[in-house]
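What follows is a set of notes on a single structure, which appears directly below.
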Amino acid sequence: MKIKQISVFLENKKGRLYEALKALADAGVNIRALSIADTSDFGILRMIVNNPEGAKKALEDAGFTTKISSVIAVAVKDRPGGLAEVLKILYDGDINVEYVYAFVEKSGEEALVVLRTNNLDKTIDLLKSAGIKLLDSSAVENL
Amino acid sequence: MENRYFNPKVELLNKEELKDLQLKRLKAVLNKVYRRVPHYRKKFEEAGVKPRNLKTLEDIKAFPFTTKEDLFVDYPFGLLAEPLEKIVRLHTSSGTTGKPKALFFSKRDIWAQAELIARALVMTGASSRDILQNSMTYGLFTGALVMHYGAELLGMLVIPAGPGNTERQIELMQTFGTTCLHMTPSYALYVASVIQSKGLSPKRDLQLKRVYLGAEPYSEETRQKIEEMLGVDVFNCYGLSEMGGPGVGFECPAKNGLHIWEDAFLVEIVNPETGEWVKEGEVGELVLTSLNRTAMPLIRYRTRDLTRFITEPCPCGRTHVKIARILGRTDDMFIIKGVNIFPQQIEAVLMSIKGVAQNYQIILEGYDEMTVRVEIDREFFDGRLERLLALKNEITEKLRQAIMVRPKVELVEPGTLPVSEGKAKRVIDKRTL
């Protein structure tokens with residue numbers, strides 16, 4: 001149930017984010033979810049895209065440093081406390097969340113979030129047994 | 001370690017014989033410049049010394065230094081000790097401002113310097129069966145031509161590739177089975193990274209055995225990095241055009257310091273401020289006197305290069321003095337918050353840290369602020385911010401320990417800092433004081 005996320009190392013330099021997104025646009029890559037973690041001089045752009053390998057190639061050809069890693073896509077109820085409910089399960093299960101960010105689109109009545117924790121396998125087990133819906137990569141690519 | 005010598009008679013002279021030879025040659029050269037070079041006569045007279053005052057090598061201390069500025073007195077021919085008809089070659093050495101230094105060679109000087117190179121190449125294990133790709137700049141710069149003559153004197157096949165056009169460099173290596181390279185360390189790092197990125201395996205696809213690196217100071221860590229990347233032995237090579245170009249100092253297989261051929265040079269190390277000899281083993285400015293040059297011998301030339309003597313006997317058997325790798329230039333040194341810093345200290349720290357790529361830049365700006373920009377290694381990036389922040393902290397902390405000043409460290413994308421194909425420009429000083 002893991003999905004692929006592409007991370008890009010970005011220097012804090014004028015136009016650098018644009019250049020990354022332009023490289024993806026030119027390669028016909030569609031972005032499903034996106035977040036930026038930044039510090040004063042560099043940041044990491046993280047994305048869920050419809051074609052991770054194609055995105056990696058397009059970015060590396062344009063000179064970017066990238067890495068594909070695994071994350072989980074979780075469907076949470078689109079109402080107050082929806083995400084908190086999921087996080088409570090992880091907290092009780094002694095799982096540390098490294099980061100979380102939201103998809104642009106919804107899946108039916110549910111909001112979608114990207115979740116990265118210190119133990120993805122255990123996270124998947126915990127969420128599944130609590131009846132939380134996870135999306136696999138084909139579901140994400142076909143959003 | 002197999003020991004072979006190009007000129008064993010000279011290379012293995014015992015210390016006493018070597019000193020006798022130096023004294024004889026030093027007397028001759030002092031006499032020659034006093035008689036033939038008006039500027040030297042004037043300088044000696046101002047210092048109140050005459051060549052006949054010199055009875056021992058130590059008496060050289062009474063004689064005046066020659067500095068870069070002296071090379072521009074009576075420019076360009078004023079320091080010649082031979083008539084122009086005896087001169088066969090001009091080399092220049094670029095100054096950062098104004099006119100280039102003009103250095104002249106007689107026919108004898110050319111082959112004498114070539115012999116120093118040939119000795120050095122044999123010292124590193126090379127022979128007439130080797131193929132040297134000479135990727136230094138041919139032309140007014142001594143780096144390529146002087147090495148070229150030395151390698152030919154030894155009987156190597158020389159490929160006069162010159163620098164740049166990295167694709168072609170690699171093609172030449174593949175086509176002709178290059179076994180030895182001569183280039184600058186910054187270019188060697190670049191070439192090694194291109195070889196890697198093309199998916200070539202040096203061990204499988206190339207025949208390289210030795211790489212001679214000179215013309216820029218570099219750290220032990222850089223040597224190791226290039227040795228690993230190319231699967232070669234890297235030998236440090238020191239020279240300066242004023243002393244005939246490359247081949248002044250060269251490493252033997254012990255790779256612990258550079259031998260200077262003492263039949264050709266009188267070697268001193270002085271405190272750059274006072275001009276006094278430093279204690280043996282202390283760092284100071286290298287001062288050289290040419291003992292075996294005819295066209296333009298220089299007396300007590302201030303090289304502006306910082307080094308120290310290595311006094312332990314060398315396992316290679318050569319008696320000629322050894323100096324440590326060049327630790328910096330007296331003029332590369334910059335001062336931040338009152339602390340003297342050499343770029344090589346920073347390079348040594350960076351190259352010892354995993355996750356750092358080859359290029360870096362030091363920017364000085366504002367009120368004495370130093371920023372070190374460091375390219376990260378592509379392989380190191382795993383998408384986690386914590387890992388990058390830890391790397392940044394590690395770099396900052398290790399630099400602080402090494403130079404006693406806490407720099408600002410910026411991580412930048414690999415391949416974004418300028419790669420120089422000649423002398424690398426690592427320090428950008430934007431301070432306005």
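Ligands are numbered from 1 in the order shown, chains are lettered A, B, ... in the order of the structure tokens, and residues start at 1 in each chain.
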For Glu369 (chain B), find every residue with an atom within 8 Å (counting only C-alpha atoms), except residues of its own chain fewer than 6 positions away, and show them as a PDB file with N, CA and C atoms, in the first residue's frame.
```
ATOM      1  N   ILE B 336      39.749  36.644   8.752  1.00  0.00           N
ATOM      2  CA  ILE B 336      38.361  36.840   9.168  1.00  0.00           C
ATOM      3  C   ILE B 336      38.349  36.951  10.674  1.00  0.00           C
ATOM      4  N   PRO B 407      31.729  29.604  10.432  1.00  0.00           N
ATOM      5  CA  PRO B 407      31.255  30.161   9.175  1.00  0.00           C
ATOM      6  C   PRO B 407      29.764  29.878   9.002  1.00  0.00           C
ATOM      7  N   LYS B 408      29.150  30.620   8.092  1.00  0.00           N
ATOM      8  CA  LYS B 408      27.795  30.266   7.677  1.00  0.00           C
ATOM      9  C   LYS B 408      27.979  29.233   6.572  1.00  0.00           C
TER      10      LYS B 408
END
```
Note to self: According to DSSP computed on the backbone, where in region 204-294 of chain B is there helix (DSSP H, G or I)? Give the residues as an MDAnalysis selection string.
What the structure shows: chainID B and resid 204:205 220:230 241:243
Store the residues picked out above in a file with N, CA and C atoms, as a short mmCIF file (atom, residue, chain, number, x, y, z; two decimals), in the first residue's frame.
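This is the output file again.cif:
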```cif
data_model
loop_
_atom_site.label_atom_id
_atom_site.label_comp_id
_atom_site.auth_asym_id
_atom_site.auth_seq_id
_atom_site.Cartn_x
_atom_site.Cartn_y
_atom_site.Cartn_z
N ARG B 204 38.59 -0.90 -15.68
CA ARG B 204 38.25 -1.75 -16.81
C ARG B 204 38.50 -1.05 -18.15
N ASP B 205 38.11 0.23 -18.21
CA ASP B 205 38.08 0.91 -19.50
C ASP B 205 39.31 1.78 -19.78
N GLU B 220 45.31 16.67 1.13
CA GLU B 220 45.51 15.22 1.14
C GLU B 220 44.18 14.51 0.84
N GLU B 221 43.09 15.07 1.35
CA GLU B 221 41.78 14.46 1.12
C GLU B 221 41.43 14.48 -0.36
N THR B 222 41.79 15.57 -1.05
CA THR B 222 41.52 15.65 -2.49
C THR B 222 42.34 14.59 -3.22
N ARG B 223 43.59 14.43 -2.79
CA ARG B 223 44.42 13.39 -3.42
C ARG B 223 43.72 12.03 -3.29
N GLN B 224 43.29 11.73 -2.06
CA GLN B 224 42.68 10.42 -1.84
C GLN B 224 41.41 10.24 -2.66
N LYS B 225 40.66 11.31 -2.76
CA LYS B 225 39.42 11.25 -3.53
C LYS B 225 39.72 10.93 -5.00
N ILE B 226 40.73 11.61 -5.57
CA ILE B 226 41.07 11.37 -6.97
C ILE B 226 41.65 9.96 -7.13
N GLU B 227 42.46 9.54 -6.17
CA GLU B 227 43.03 8.19 -6.25
C GLU B 227 41.93 7.14 -6.26
N GLU B 228 40.91 7.36 -5.41
CA GLU B 228 39.80 6.40 -5.36
C GLU B 228 38.98 6.44 -6.64
N MET B 229 38.67 7.65 -7.08
CA MET B 229 37.79 7.78 -8.25
C MET B 229 38.44 7.20 -9.50
N LEU B 230 39.75 7.37 -9.65
CA LEU B 230 40.40 6.93 -10.88
C LEU B 230 41.22 5.65 -10.71
N SER B 241 57.15 29.27 -12.24
CA SER B 241 57.85 29.69 -13.45
C SER B 241 59.17 30.36 -13.13
N GLU B 242 59.21 31.13 -12.03
CA GLU B 242 60.43 31.85 -11.66
C GLU B 242 61.59 30.89 -11.43
N MET B 243 61.27 29.65 -11.07
CA MET B 243 62.30 28.64 -10.80
C MET B 243 62.32 27.59 -11.90
#
```
Note to self: Residues near Ala37 (chain A), anyone? I mean within 9 Å using only C-alpha atoms, not counting same-chain ones fewer than 5 positions away, as a list in words.
What the structure shows: Phe42, Gly43, Ile44, Leu45 and Arg46 of chain A; Leu385 of chain B
Emit the selected residues as a JSON list (two decimals), in the first residue's frame, including C-alpha atoms.
```json
[["chain", "number", "residue", "atom", "x", "y", "z"],
["A", 42, "PHE", "CA", 17.70, 25.20, 0.74],
["A", 43, "GLY", "CA", 14.53, 23.21, 0.69],
["A", 44, "ILE", "CA", 13.04, 19.92, -0.37],
["A", 45, "LEU", "CA", 10.17, 19.80, -2.82],
["A", 46, "ARG", "CA", 8.08, 16.67, -2.31],
["B", 385, "LEU", "CA", 15.49, 17.34, 5.57]]
```
Next item on the list: Tell me which protein, DNA and RNA residues are within 10 Å of Pro163 (chain B), counting only C-alpha atoms, leaving out same-chain ones fewer than 4 positions away, and put them as an MDAnalysis selection string.
Entry: chainID B and resid 134:138 144 169 182:184 187 421:422
Notebook entry, point to check: Can you list, as a ChimeraX atom specification, every residue of region 8-246 of chain B that DSSP puts in strand (DSSP E or B)?
Noted result: /B:66,87-93,101-106,131-134,157-159,180-183,210-213,233-240,245-246
Next item on the list: Using only C-alpha atoms, find which residues of chain A lie within 12 Å of chain B and jot them down as a ChimeraX atom specification.
Entry: /A:5-13,16,36-47,60,62-71,98-99,116-118
Notebook entry, point to check: With only C-alpha atoms as the basis for distance, which of A:Asn96, A:Lys88, A:Glu105, A:Ala111 is at the shortest distance from Ala130 (chain A)?
Noted result: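 Checking each of A:Asn96, A:Lys88, A:Glu105, A:Ala111 against Ala130 (chain A), counting only C-alpha atoms, the winner is A:Lys88.
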Note to self: At a cut-off of 7 Å, using only C-alpha atoms, what residues contact region 146-148 of chain B? Leave out same-chain residues fewer than 4 positions from it and give the result as a list in words.
What the structure shows: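 The residues that qualify are Ala114, Ile117, Thr142, Glu152, Val158, Gly245 and Pro246 of chain B.
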Serialized selection, C-alpha atoms, as a PDB file, in the first residue's frame:
```pdb
ATOM      1  CA  ALA B 114      63.866  18.642 -18.215  1.00  0.00           C
ATOM      2  CA  ILE B 117      61.386  16.358 -14.398  1.00  0.00           C
ATOM      3  CA  THR B 142      55.485  26.739 -17.989  1.00  0.00           C
ATOM      4  CA  GLU B 152      60.378  13.291 -23.702  1.00  0.00           C
ATOM      5  CA  VAL B 158      53.708  12.430 -24.729  1.00  0.00           C
ATOM      6  CA  GLY B 245      58.301  25.703 -13.887  1.00  0.00           C
ATOM      7  CA  PRO B 246      57.169  22.276 -12.718  1.00  0.00           C
TER       8      PRO B 246
END
```
Next item on the list: Find, counting only C-alpha atoms, the residue in A:Gly131, A:Gly108, A:Gly54, A:Pro80 that gets nearest to Val29 (chain A).
Entry: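 Comparing A:Gly131, A:Gly108, A:Gly54, A:Pro80 against Val29 (chain A), the winner is A:Gly54.
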Next item on the list: Grab the CA of Leu306 (chain B) to CA of Arg293 (chain B) distance for me, in Å with one decimal place.
Entry: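 Separation between CA of Leu306 (chain B) and CA of Arg293 (chain B): 23.5 Å.
Residues in contact with Leu240 (chain B) at up to 10 Å, not including ones fewer than 5 positions away on its chain and judged by only C-alpha atoms, are Ser93, Phe141, Thr142, Gly143, Gly214, Ala215, Gly245, Pro246, Gly247, Val248, Gly249, Thr303 and Asp305 of chain B.
Here CA of Leu189 (chain B) is placed at a distance of 24.3 Å from CA of Ile323 (chain B).
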List the neighbours of Asp121 (chain A) out to 10 Å using only C-alpha atoms; skip same-chain residues closer than 3 positions along the sequence, and give me the result as a PDB file with C-alpha atoms, in the first residue's frame.
```
ATOM      1  CA  MET A   1       0.000   0.000   0.000  1.00  0.00           C
ATOM      2  CA  LYS A   2       3.020   2.258  -0.187  1.00  0.00           C
ATOM      3  CA  ILE A  72       1.374   6.305   2.373  1.00  0.00           C
ATOM      4  CA  THR A 117       6.429   7.963   9.416  1.00  0.00           C
ATOM      5  CA  ASN A 118       9.398   6.315  11.022  1.00  0.00           C
ATOM      6  CA  ILE A 124      -0.063   0.439   7.388  1.00  0.00           C
ATOM      7  CA  ASP A 125      -1.004  -2.409   9.748  1.00  0.00           C
ATOM      8  CA  LEU A 126      -2.315  -0.043  12.414  1.00  0.00           C
TER       9      LEU A 126
END
```
Item checked: Atomic distance CA of Glu19 (chain A) - CA of Lys198 (chain B), expressed in Å with one decimal ->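 These atoms are spaced 24.8 Å apart.
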Margin query: Restricting the calculation to only C-alpha atoms: of B:Ser197, B:Gln113, B:Asn256, B:Asn236, which residue gets closest to Glu312 (chain B)?
Written below: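 Of B:Ser197, B:Gln113, B:Asn256, B:Asn236, the one nearest Glu312 (chain B), counting only C-alpha atoms, is B:Asn256.
Closest to Leu143 (chain A) among A:Leu120, A:Val49, A:Val74, A:Ala20 is A:Val49, based on only C-alpha atoms.
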